[in-house]
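Trainee: Structure in structure tokens, see below.
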Amino acid sequence: MSFLDVKDLKIHFPTDDGVVKSVDGLTFGLERGQTLGIVGESGSGKSVTSLGILGLHKGGRAKISGEIWLDGEELVSAPAEQVRGLRGKKMAMIFQDPLSSMHPYYTVGHQIIEAYRIHNAVSKQVARKHAVDLLGRVGIPEPGKRVDSYPHEFSGGMRQRAMIAMALSCDPELLIADEPTTALDVTVQAQILDLMRDLQREFNSALIIITHDLGVVAELADDILVMYGGKCVEYGKTDEIFYNPEHPYTWGLLGSMPRLDREPTERLLPIKGSPPSLINVPPGCAFHPRCPYADRTEGRASTEVPDLAPTERGHLVRCHMPRTERRSLWENEIKPVLETQ
Amino acid sequence: MRRKSALAAAATATLALVLSACGGGGGGSNSQQPAQSASGAAAQPAFNAALTEVFNPSTKKGGTLKVANYADWDSLDPADTYYGYSFNFGRYYWRTLTTYKTGPGKDSNTVVPDLAEALGEPSDEGKTWTYKIKSGLKFEDGTPITAKDVAYAVARSYDKETFPHGPSYLNELLDWPKDFKGVYKTPDADYSSAVEATDDSTVVFHLKEPFASFDYIVQMPMTAPVPKDKDTGAKYKEHVISSGPYKFETNEAGKRFSLVRNENWDAATDPNRPALPDKIEVQLNVNADDVDNQLISGDIHLDVQGTGMQPAALGKVLPDPALKARTDNPTIPRLWFVSVIPETPPLDNIECRKAVMWAADRVANQTAFGGEVAGGEIATNVMPPPIVGQEKFDLYATPENKGDVEKAKAALTACGQPNGFSTTMTFRADRPREKALAESMQQALARVGIKLTLKGFPGSSYFSDYAGNVNYVKKNGVGLAAHGWGSDWPDGYGFMQAIVDSRTIRPAGNYNLSVKSDKVDGLIDQAKAELDETKRNKLWVDVDKAVMEDASILPVVWAKSLLLRGQGVTNLAYNEGQSQYDYALLGVE
Amino acid sequence: MLTYIIRRLIGAIAMLIVISMVTFGIFFVVPQWAGSSPEAMASRYVGRAATPETVHLVAQKLGFYDPVIVQYGRFAKGIVAGAEYDYGAGVEQCPAPCFGYSFISGQPVWPDLLDRMPVTFSLAIGAALLWVLGGVSVGVISALRRGTFFDRLSMGTALAGVSLPIFFTGMLSLVVFSYGLGWTPPGGSWTDFTENPAQWAFNLLLPWITLAFLFAATYARLTRAGMLETMGEDYVRTARAKGLSERDVVVKHGLRAALTPILTLFGIDFGLLIGGAVLTETTYTLPGLGQFAILAIRNQDLPQVMGVVLFAACFVVVASLIVDLLYAWVDPRVRLS
């Protein structure tokens with residue numbers, strides 16, 4: 001059993017219009033010191049997954065099933081109070097958009113101290129010193145002074161560093177970063193990613209990075225899980241996903257990666273249409289209405305949900321197309337396009 | 001929006017339920033408990049039980065009489081007060097030369113001696129009045145009350161800058177020295193030409209002209225003795241030195257005051273005041289509806305204003321037999337009427353004024369004032385029944401009191417306005433009954449082609465700025481004005497003089513809005529000098545008739561008030577002179 | 001910060017001057033338009049059927065023959081330098097701030113105002129405590145249990161609370177609890193705190209609850225709406241992710257942010273209330289500033305009207321200044337300059 005083991009996780013939200021199947025049977029694992037990238041468009045269920053692991057759907061309207069094992073503890077069936085004890089301590093989260101994710105009325109220091117003192121019975125002075133240390137460690141200059149600043153007095157990058165400091169305050173063993181760099185400009189993005197990599201090494205924690213941008217996880221992740229419509233559509237080692245992707249959706253994602261040598265809006269392989277409604281998930285393969293190759297599945301695309309099947313290279317793909325066809329499409333049509341300069 | 005109004009409607013319905021529950025259940029059960037009293041069976045509540053005899057009579061002393069007032073006194077100073085209830089209540093802490101005969105009944109509108117040993121001794125054809133004062137009278141501090149203190153009190157009341165609220169009868173009647181500006185501004189002035197103490201027990205009043213009703217004048221608090229060395233002018237009201245059975249214990253201006261027994265008052269000198277309670281507590285400026293509620297529930301004993309209940313309480317009391325049995329419904333010396341102003345054409349022609357008299361629908365007017373019980377009886381002439389010597393007559397009798405269109409039209413023709421005319425009628429906008437009266441007049445007069453434009457004004461400036469302001473009336477062509485008047489004392493002069501004597505008319509603040517008749521003025525002069533009571537009373541009836549012949553006052557109702565007897569109160573009796581319960585009699589169980 | 005306060009205070013004084021001028025103007029100018037004379041005005045302050053001499057004397061004593069500007073100047077001078085009052089038997093000094101003497105009773109206005117302040121203060125503080133605690137907690141619970149029976153019931157009650165005027169609820173409460181059940185004292189009950197604190201509170205219980213009911217309703221609705229908004233904010237999610245207990249999440253993070261608009265409203269409400277809880281005081285016959293104001297207006301007693309208007313305006317001004325300062329303290333993003 002891995003350090004983190006997620007088995008057949010389902011997170012459904014009943015609404016007046018029907019059940020929203022945000023996460024629908026997700027399985028993955030992660031070891032200490034390893035990094036997993038969960039990639040998908042907004043609405044694919046990746047953020048819901050991370051909040052689910054933290055137990056933040058507990059007590060809400062969500063119906064959760066499956067299993068989440070963290071270091072031998074099962075969290076789905078555990079009482080809310082038990083999961084709360086782990087939150088912030090054993091597992092922590094870095095949110096996107098640190099401006100809205102930090103409380104505007106409290107100083108940065110106060111918020112870090114609060115996070116620390118929930119799980120550590122220490123005096124305010126000790127916690128404050130710890131907060132200053134953490135701010136220094138995430139690269140904030142003059143941490144002794146900035147600890148008393150309010151979030152709105154920080155720049156975007158500084159805020160994200162502070163957010164990271166807050167998440168790290170109790171040395172979490174599992175760190176989930178939800179779009180940690182989305183709100184930042186490109187140079188700062190790189191700095192933050194570097195910082196996260198360094199810290200992960202230092203703390204030897206398990207790291208989940210959630211992003212819609214494969215580029216973010218390219219250098220950071222050991223494994224990548226691609227989500228679409230609440231389900232995993234491709235899951236494997238990072239190199240595999242980048243060099244031998246087999247799902248048309250992954251190809252699309254690869255084609256939409258922003259690169260320094262291109263205009264950000266320029267997409268090589270645009271994905272037509274928009275993400276599916278999670279209430280009325282298209283029958284069969286959820287991606288088929290947008291898939292350019294749906295006609296190559298002998299009609300199964302719209303009737304049958306494809307299995308998540310392993311390839312001989314050891315990664316998992318959820319696609320009706322015959323393997324040979326996928327391979328040849330990738331080698332002959334997709335890869336050359338992606339490699340054009 | 002819809003939800004809100006639905007909720008509001010539901011809430012209103014709830015209130016109605018609660019109120020009716022309280023009226024029917026709570027209040028009813030309270031009032032059905034037989035009142036406990038020393039004399040037992042006499043306390044059976046019945047409608048009008050305190051009109052002709054004393055209700056729940058008792059001689060038990062002790063207890064605290066709780067009193068509430070929805071407003072405040074004009075002043076507690078005997079020289080500076082003019083409210084009827086103040087005159088009535090003031091007898092707890094002052095004594096005057098004369099006072100109304102205490103208790104219920106027909107003769108309770110006559111005066112009897114109080115400080116004086118007997119009623120006034122007129123001489124010089126009624127120009128000089130002499131009063132002998134009883135011996136053994138003392139102020140609350142034990143110093144004896146002498147004729148000097150009475151004369152000084154009368155003299156100090158002359159200063160209207162210091163005491164603007166009090167009646168000015170004595171200023172007008174007495175022969176004050178020319179240079180007299182009051183006891184404060186001219187402290188050394190000799191005012192003996194007006195009032196003097198010829199010895200310690202004799203007060204003599206010198207009048208400019210003969211005046212027959214002087215015994216009624218000196219029952220007013222200007223004759224309540226004031227010790228000169230304790231007089232602090234406008235501040236004296238903060239601590240009035242008592243000459244009556246009670247003295248001030250506390251006095252918080254605008255909020256409350258309390259009276260306790262004056263040990264220096266000698267019951268032997270005072271047959272008029274049983275002085276039963278040990279203490280009297282008065283709350284001021286109490287919410288008017290709350291006064292009624294507290295009176296019904298028994299939390300207070302007395303609504304000192306004594307003018308009846310608010311509409312909310314009336315609606316609760318009248319339909320509930322148990323509560324109605326606790327009420328009295330006397331006719332008070334107050335007339336609601338319409339001034340028909342002869343200055344405003346075409347009303348300068350008496351025939352046009354008569355057309356108004358004939359066209360008015362008296363029943364509709366009475367209904368506008370709330371009907372028989374809450375409003376009063378239909379008035380056919382000026383003087384109300386409780387006035388001494390009053391005679392009821394009707395110069396403009398019409399079938400069923402509903403007006404006579406034919407006679408009205410004939411009068412209009414005689415006036416030269418056969419098709420009617422247009423004029424303005426004013427009323428006090430904050431008095432719903434006057435508004436209803438104006439509308440009823442508008443309808444009735446429309447039957448003969450007289451068109452009324454109705455204008456409502458604030459009551460507080462009605463006489464100073466509008467209906468009682470000569471310029472305003474002239475400029476705006478006001479032909480009719482709703483009006484009401486209550487007497488200062490229940491004889492002809494007391495009721496009539498202010499509203500029918502044309503010589504009282506001045507630029508603003510008039511109460512006589514319409515009667516400008518030499519005949520009336522002449523009769524007034526005769527009547528007020530007539531020392532023979534029977535002849536005098538007859539003359540006042542003549543004044544009344546002359547006014548009605550002049551058609552310048554259209555009587556509407558002789559007002560009745562609906563008074564609620566407090567619970568746990570003994571010796572309740574309606575007094576014609578006070579036109580309220582006789583407060584001096586009250587005791588608590 | 002200090003300069004900000006000073007500037008605000010100067011502005012406040014200017015505003016008070018304008019308010020006093022307008023009040024003065026309404027009192028004198030409007031009747032003049034209606035053709036009123038000094039005598040006609042003075043005839044409000046005399047007894048029934050007063051003679052022209054009396055009216056003239058009173059008009060003279062009250063200074064109605066002087067131009068309005070002179071009368072205003074005399075009033076203003078009294079506040080700054082004090083005034084004198086002739087009560088017939090002598091002359092009394094009225095030290096600054098002298099708001100003059102009542103036209104009706106001849107009582108100095110200022111001590112009367114001070115005398116009535118504790119009543120209004122007691123009423124306002126007790127009611128404010130109740131309505132803030134009650135309104136905010138009901139609002140919070142409603143927001144957290146949105147759509148439940150509790151939410152619907154409390155919001156329905158709140159709607160009733162906002163819609164029902166105090167003279168209605170007040171009179172109803174008196175009829176039911178004082179005269180019906182006899183649990184609470186009747187209207188007009190007032191005991192000074194220093195005299196008997198328990199009696200003080202007991203007497204004020206019904207007015208407090210009634211007044212609080214009216215305001216609590218607004219606060220409950222406002223809190224509920226604010227909480228629904230803030231509890232959906234990202235920083236609340238962050239607080240939960242830190243492992244903060246739900247109570248701390250709600251109170252320290254959700255409520256803290258939702259309180260800002262409530263604070264603003266509270267400052268204004270409380271300031272107005274200190275200036276006189278007119279309806280409550282009239283309904284329950286509490287001798288406070290509100291009742292004083294009503295009587296002053298009913299009697300057209302200009303010095304009293306001026307006094308209570310300026311007094312109330314001062315409280316509103318001070319309250320709004322305090323709110324602004326507190327606002328900067330509560331929300332660090334706001335900076336005063």
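A note on labels: chains of the structure tokens are A, B, ... as shown, every chain counts residues from 1, and ligands are counted from 1 in their shown order.
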Just the residues within 6 Å of range 225-228 of chain A, please, counting only C-alpha atoms, with nothing from its chain fewer than 3 positions along; format it as a ChimeraX atom specification.
Mentor: /A:38-40,44,231-235
Trainee: Mind writing the picked residues with C-alpha atoms as a tab-separated table (two decimals), in the first residue's frame?
Mentor:
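Below is the file that was written, part.tsv:
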chain	number	residue	atom	x	y	z
A	38	ILE	CA	-3.44	15.97	-11.85
A	39	VAL	CA	-4.24	17.68	-15.11
A	40	GLY	CA	-7.50	18.66	-16.72
A	44	SER	CA	-12.89	18.02	-14.85
A	231	LYS	CA	-12.87	10.34	-14.61
A	232	CYS	CA	-9.25	9.48	-15.16
A	233	VAL	CA	-8.59	9.18	-18.88
A	234	GLU	CA	-4.85	8.64	-18.82
A	235	TYR	CA	-2.48	7.95	-15.94
Trainee: So which residues of range 340-552 of chain B fall under strand (DSSP E) by DSSP, listed as a list in words?
Mentor: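 Secondary structure check on range 340-552 of chain B, strand (DSSP E): Val340, Gly376, Glu377, Ile378, Ser422, Thr423, Thr424, Met425, Thr426, Phe427, Arg428, Lys451, Leu452, Thr453, Leu454, Lys455, Gly456, Phe457, Val478, Gly479, Leu480, Ala481, Ala482, His483, Gly484, Trp485 and Gly486 of chain B.
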Trainee: Counting only C-alpha atoms, which residue out of B:Asn381, B:Asn88, B:Ser242, B:Ser123 sits closest to Met548 in chain B?
Mentor: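 Closest candidate: B:Asn381.
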Trainee: Which residues are near His288 in chain A? Cut-off 12 Å, only C-alpha atoms, ignore same chain within fewer than 5 positions. Put them as a compact mmCIF listing (two decimals) with N, CA and C atoms, in the first residue's frame.
Mentor:
# COMPACT_ATOMS: atom_id res chain seq x y z
N TYR A 228 -10.88 13.83 -17.06
CA TYR A 228 -11.87 14.42 -17.96
C TYR A 228 -13.25 13.97 -17.49
N GLY A 229 -14.13 14.90 -17.30
CA GLY A 229 -15.52 14.59 -16.91
C GLY A 229 -15.58 13.76 -15.65
N HIS A 247 -4.18 9.12 -25.31
CA HIS A 247 -5.58 9.57 -25.31
C HIS A 247 -5.70 10.87 -26.11
N PRO A 248 -6.66 10.94 -26.97
CA PRO A 248 -6.81 12.16 -27.79
C PRO A 248 -6.92 13.43 -26.94
N TYR A 249 -7.50 13.29 -25.72
CA TYR A 249 -7.64 14.47 -24.87
C TYR A 249 -6.27 14.94 -24.40
N ILE A 271 -8.73 21.89 -28.69
CA ILE A 271 -9.80 20.96 -28.38
C ILE A 271 -11.11 21.69 -28.62
N LYS A 272 -11.88 21.15 -29.58
CA LYS A 272 -13.11 21.82 -29.92
C LYS A 272 -14.13 21.69 -28.79
N GLY A 273 -15.05 22.58 -28.78
CA GLY A 273 -16.17 22.48 -27.83
C GLY A 273 -15.75 22.80 -26.41
N SER A 274 -16.66 22.48 -25.47
CA SER A 274 -16.38 22.79 -24.08
C SER A 274 -16.54 21.56 -23.21
N PRO A 275 -15.98 21.61 -22.02
CA PRO A 275 -16.05 20.45 -21.12
C PRO A 275 -17.49 20.03 -20.91
N PRO A 276 -17.73 18.73 -20.67
CA PRO A 276 -19.10 18.22 -20.57
C PRO A 276 -19.77 18.66 -19.28
N VAL A 281 -23.59 13.68 -18.21
CA VAL A 281 -22.35 13.25 -18.86
C VAL A 281 -22.75 12.50 -20.14
N PRO A 282 -22.09 12.85 -21.26
CA PRO A 282 -22.46 12.19 -22.50
C PRO A 282 -22.35 10.67 -22.34
N PRO A 283 -23.29 9.93 -22.94
CA PRO A 283 -23.20 8.47 -22.81
C PRO A 283 -21.96 7.96 -23.52
N TYR A 293 -11.66 11.68 -33.33
CA TYR A 293 -11.50 10.29 -33.80
C TYR A 293 -12.63 9.42 -33.33
N ALA A 294 -13.72 10.01 -32.88
CA ALA A 294 -14.81 9.21 -32.34
C ALA A 294 -15.38 8.26 -33.39
N ASP A 295 -15.24 8.60 -34.65
CA ASP A 295 -15.79 7.74 -35.71
C ASP A 295 -14.95 6.49 -35.94
N ARG A 296 -13.80 6.40 -35.26
CA ARG A 296 -12.96 5.22 -35.48
C ARG A 296 -13.18 4.17 -34.40
N THR A 297 -14.34 4.20 -33.72
CA THR A 297 -14.54 3.25 -32.62
C THR A 297 -15.68 2.30 -32.91
N GLY A 299 -18.65 2.88 -33.50
CA GLY A 299 -19.90 3.30 -32.85
C GLY A 299 -19.92 3.09 -31.35
N ARG A 300 -18.87 2.56 -30.78
CA ARG A 300 -18.92 2.30 -29.34
C ARG A 300 -18.75 3.61 -28.53
N ALA A 301 -18.15 4.61 -29.16
CA ALA A 301 -17.84 5.85 -28.44
C ALA A 301 -19.05 6.43 -27.72
N SER A 302 -20.21 6.35 -28.36
CA SER A 302 -21.37 7.01 -27.77
C SER A 302 -22.26 6.04 -27.01
N THR A 303 -21.89 4.79 -26.91
CA THR A 303 -22.76 3.83 -26.23
C THR A 303 -22.09 3.20 -25.02
N GLU A 304 -20.80 3.01 -25.07
CA GLU A 304 -20.15 2.20 -24.06
C GLU A 304 -19.08 3.04 -23.37
N VAL A 305 -19.05 2.96 -22.05
CA VAL A 305 -17.98 3.68 -21.35
C VAL A 305 -16.70 2.87 -21.49
N PRO A 306 -15.65 3.45 -22.04
CA PRO A 306 -14.41 2.68 -22.21
C PRO A 306 -13.76 2.38 -20.86
N ARG A 318 -8.02 5.39 -21.12
CA ARG A 318 -9.45 5.10 -21.24
C ARG A 318 -9.90 5.54 -22.64
N CYS A 319 -9.79 4.56 -23.63
CA CYS A 319 -10.14 4.93 -25.00
C CYS A 319 -10.60 3.70 -25.75
N HIS A 320 -11.64 3.88 -26.59
CA HIS A 320 -12.17 2.77 -27.39
C HIS A 320 -11.32 2.45 -28.60
N MET A 321 -10.51 3.40 -29.05
CA MET A 321 -9.76 3.17 -30.28
C MET A 321 -8.79 2.00 -30.06
Trainee: Apply DSSP to the backbone of this structure and, from range 6-54 of chain A, keep only the residues in helix (DSSP H, G or I); write these as a list in words.
Mentor: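 Written out, the helix (DSSP H, G or I) residues of range 6-54 of chain A are Lys46, Ser47, Val48, Thr49, Ser50, Leu51, Gly52, Ile53 and Leu54 of chain A.
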Trainee: With only C-alpha atoms as the counted atoms, please give the residues lying no more than 6 Å from range 189-205 of chain A, apart from itself and same-chain residues fewer than 6 positions off, as a JSON list (two decimals) with C-alpha atoms, in the first residue's frame.
Mentor:
[["chain", "number", "residue", "atom", "x", "y", "z"],
["A", 32, "ARG", "CA", 6.44, 10.06, 0.07],
["A", 33, "GLY", "CA", 8.88, 12.20, -1.88],
["A", 173, "GLU", "CA", 3.55, 14.80, 4.69],
["A", 174, "LEU", "CA", 1.08, 15.35, 1.90],
["A", 181, "THR", "CA", 0.99, 29.41, -10.29]]
Trainee: Tell me the residues of chain A close to chain C, meaning within 8 Å using only C-alpha atoms, as a list of chain:residue names.
Mentor: A:Leu54, A:Leu56, A:Arg84, A:Gly85, A:Leu86, A:Arg87, A:Gly88, A:Lys89, A:Ala92, A:Met93, A:Phe95, A:Ser100, A:Ser101, A:Met102, A:His103, A:Pro104, A:Tyr105, A:Ala115, A:Ile118, A:Tyr150, A:His152, A:Ala167
Trainee: Take the residues just selected and output them with N, CA and C atoms as a compact mmCIF listing (two decimals), in the first residue's frame.
Mentor:
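The file below, out_32.txt, is the result:
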# COMPACT_ATOMS: atom_id res chain seq x y z
N LEU A 54 -8.72 16.14 1.39
CA LEU A 54 -8.59 16.90 2.63
C LEU A 54 -9.81 16.75 3.54
N LEU A 56 -12.71 18.12 2.98
CA LEU A 56 -13.46 19.39 3.07
C LEU A 56 -14.88 19.27 2.55
N ARG A 84 -10.21 16.42 10.43
CA ARG A 84 -9.82 17.81 10.72
C ARG A 84 -8.46 17.84 11.43
N GLY A 85 -8.21 16.87 12.31
CA GLY A 85 -6.94 16.81 13.02
C GLY A 85 -5.77 16.59 12.10
N LEU A 86 -6.04 15.94 10.97
CA LEU A 86 -4.96 15.68 10.02
C LEU A 86 -4.73 16.87 9.11
N ARG A 87 -5.82 17.60 8.90
CA ARG A 87 -5.79 18.70 7.96
C ARG A 87 -4.86 19.80 8.46
N GLY A 88 -4.04 20.28 7.60
CA GLY A 88 -3.12 21.33 8.01
C GLY A 88 -1.89 20.76 8.70
N LYS A 89 -2.01 19.53 9.21
CA LYS A 89 -0.86 18.95 9.91
C LYS A 89 -0.21 17.88 9.04
N ALA A 92 -1.67 19.26 3.77
CA ALA A 92 -1.92 20.69 3.67
C ALA A 92 -2.14 21.06 2.22
N MET A 93 -2.72 22.21 2.05
CA MET A 93 -3.07 22.59 0.69
C MET A 93 -2.65 24.01 0.40
N PHE A 95 -3.56 26.96 -2.15
CA PHE A 95 -4.66 27.27 -3.07
C PHE A 95 -4.20 28.20 -4.18
N SER A 100 -7.39 35.93 -2.76
CA SER A 100 -8.71 35.63 -2.20
C SER A 100 -8.63 34.49 -1.20
N SER A 101 -7.53 33.73 -1.24
CA SER A 101 -7.44 32.58 -0.34
C SER A 101 -6.88 32.94 1.02
N MET A 102 -6.34 34.14 1.15
CA MET A 102 -5.87 34.55 2.47
C MET A 102 -6.87 35.57 3.00
N HIS A 103 -7.10 35.53 4.31
CA HIS A 103 -8.10 36.41 4.89
C HIS A 103 -7.61 37.85 4.85
N PRO A 104 -8.39 38.75 4.24
CA PRO A 104 -7.91 40.12 4.06
C PRO A 104 -7.76 40.89 5.37
N TYR A 105 -8.42 40.44 6.44
CA TYR A 105 -8.42 41.23 7.68
C TYR A 105 -7.30 40.84 8.63
N ALA A 115 -2.37 28.78 11.80
CA ALA A 115 -2.24 27.44 11.24
C ALA A 115 -1.32 26.58 12.11
N ILE A 118 -2.89 25.63 15.71
CA ILE A 118 -4.01 24.67 15.75
C ILE A 118 -3.47 23.31 16.16
N TYR A 150 -0.26 42.82 5.78
CA TYR A 150 -1.51 42.20 5.36
C TYR A 150 -1.34 41.65 3.95
N HIS A 152 -2.85 42.11 1.28
CA HIS A 152 -2.96 43.05 0.16
C HIS A 152 -1.71 43.91 0.04
N ALA A 167 1.07 26.67 4.40
CA ALA A 167 0.79 25.25 4.21
C ALA A 167 1.88 24.39 4.84
Trainee: Might you pull out every residue within 12 Å of Phe13 in chain A, with only C-alpha atoms counted and same-chain residues fewer than 3 positions away left off, and present them as a list in words?
Mentor: Lys10, Asp16, Asp17, Gly18, Val19, Val20, Lys21, Ser22, Val23, Asp24, Gly45, Val48, His57, Lys58, Gly60, Arg61, Ala62, Lys63, Ile64, Ser65, Leu278 and Ile279 of chain A
Trainee: Got a sec to pull out which chain B residues are within 8 Å of chain C, counting only C-alpha atoms, and send them as an MDAnalysis selection string?
Mentor: chainID B and resid 4 7:8 11 15 22 26 74:75 81:82 160:162 164:168 184:185 231:235 255 283 285:287 290 293:294 297 299 460:461 464:465 472 498 506 508:511
Trainee: Would you export the selected residues with C-alpha atoms as a PDB file, in the first residue's frame, please?
Mentor:
ATOM      1  CA  LYS B   4     -44.755  41.313   2.981  1.00  0.00           C
ATOM      2  CA  LEU B   7     -47.555  38.980   6.597  1.00  0.00           C
ATOM      3  CA  ALA B   8     -48.659  42.425   7.608  1.00  0.00           C
ATOM      4  CA  ALA B  11     -50.103  40.388  11.921  1.00  0.00           C
ATOM      5  CA  LEU B  15     -53.541  41.944  16.891  1.00  0.00           C
ATOM      6  CA  CYS B  22     -58.083  41.134  26.046  1.00  0.00           C
ATOM      7  CA  GLY B  26     -58.884  39.650  30.324  1.00  0.00           C
ATOM      8  CA  ASP B  74     -49.227  73.998  31.942  1.00  0.00           C
ATOM      9  CA  SER B  75     -47.832  74.836  35.348  1.00  0.00           C
ATOM     10  CA  THR B  81     -52.395  77.326  35.301  1.00  0.00           C
ATOM     11  CA  TYR B  82     -55.600  77.218  33.303  1.00  0.00           C
ATOM     12  CA  LYS B 160     -48.442  87.874  32.696  1.00  0.00           C
ATOM     13  CA  GLU B 161     -44.868  87.900  31.527  1.00  0.00           C
ATOM     14  CA  THR B 162     -44.002  85.607  34.414  1.00  0.00           C
ATOM     15  CA  PRO B 164     -48.537  83.723  30.854  1.00  0.00           C
ATOM     16  CA  HIS B 165     -50.755  80.655  31.227  1.00  0.00           C
ATOM     17  CA  GLY B 166     -53.136  81.632  33.972  1.00  0.00           C
ATOM     18  CA  PRO B 167     -56.562  83.217  33.465  1.00  0.00           C
ATOM     19  CA  SER B 168     -56.575  86.997  33.194  1.00  0.00           C
ATOM     20  CA  TYR B 184     -41.565  91.656  40.664  1.00  0.00           C
ATOM     21  CA  LYS B 185     -41.047  94.614  38.345  1.00  0.00           C
ATOM     22  CA  ASP B 231     -42.177  83.304  46.198  1.00  0.00           C
ATOM     23  CA  THR B 232     -39.601  82.634  43.487  1.00  0.00           C
ATOM     24  CA  GLY B 233     -41.526  83.900  40.492  1.00  0.00           C
ATOM     25  CA  ALA B 234     -41.490  81.567  37.507  1.00  0.00           C
ATOM     26  CA  LYS B 235     -39.587  79.023  39.598  1.00  0.00           C
ATOM     27  CA  LYS B 255     -41.719  63.328  34.328  1.00  0.00           C
ATOM     28  CA  GLN B 283     -46.796  60.229  36.101  1.00  0.00           C
ATOM     29  CA  ASN B 285     -46.389  62.452  29.560  1.00  0.00           C
ATOM     30  CA  VAL B 286     -47.565  58.854  29.632  1.00  0.00           C
ATOM     31  CA  ASN B 287     -48.469  57.426  26.247  1.00  0.00           C
ATOM     32  CA  ASP B 290     -51.209  53.395  27.712  1.00  0.00           C
ATOM     33  CA  ASN B 293     -54.746  50.488  29.265  1.00  0.00           C
ATOM     34  CA  GLN B 294     -53.391  51.090  32.734  1.00  0.00           C
ATOM     35  CA  SER B 297     -56.115  47.022  34.102  1.00  0.00           C
ATOM     36  CA  ASP B 299     -52.307  49.794  37.288  1.00  0.00           C
ATOM     37  CA  SER B 460     -51.706  74.290  17.710  1.00  0.00           C
ATOM     38  CA  SER B 461     -51.873  77.347  15.461  1.00  0.00           C
ATOM     39  CA  SER B 464     -53.251  82.148  16.265  1.00  0.00           C
ATOM     40  CA  ASP B 465     -52.638  81.801  12.536  1.00  0.00           C
ATOM     41  CA  TYR B 472     -56.269  85.270   7.491  1.00  0.00           C
ATOM     42  CA  ALA B 498     -65.163  84.525  25.469  1.00  0.00           C
ATOM     43  CA  ARG B 506     -58.271  91.167  18.439  1.00  0.00           C
ATOM     44  CA  ALA B 508     -54.988  87.045  16.268  1.00  0.00           C
ATOM     45  CA  GLY B 509     -55.724  84.270  18.728  1.00  0.00           C
ATOM     46  CA  ASN B 510     -59.471  84.860  18.823  1.00  0.00           C
ATOM     47  CA  TYR B 511     -61.978  82.439  20.239  1.00  0.00           C
TER      48      TYR B 511
END
Trainee: Could you please determine the separation between CA of Gly134 in chain C and CA of Asp248 in chain C in Å, to one decimal place?
Mentor: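 Calculated distance between CA of Gly134 in chain C and CA of Asp248 in chain C is 19.0 Å.
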Trainee: Taking 6 positions as the minimum chain separation for residues in the same chain, which residues sit within 12 Å of Ile322 in chain C when counting only C-alpha atoms? Answer as JSON, numbers by chain.
Mentor: {"C": [4, 5, 8, 9, 263, 264, 266, 267, 268, 270, 271, 315, 316, 328, 329, 330]}
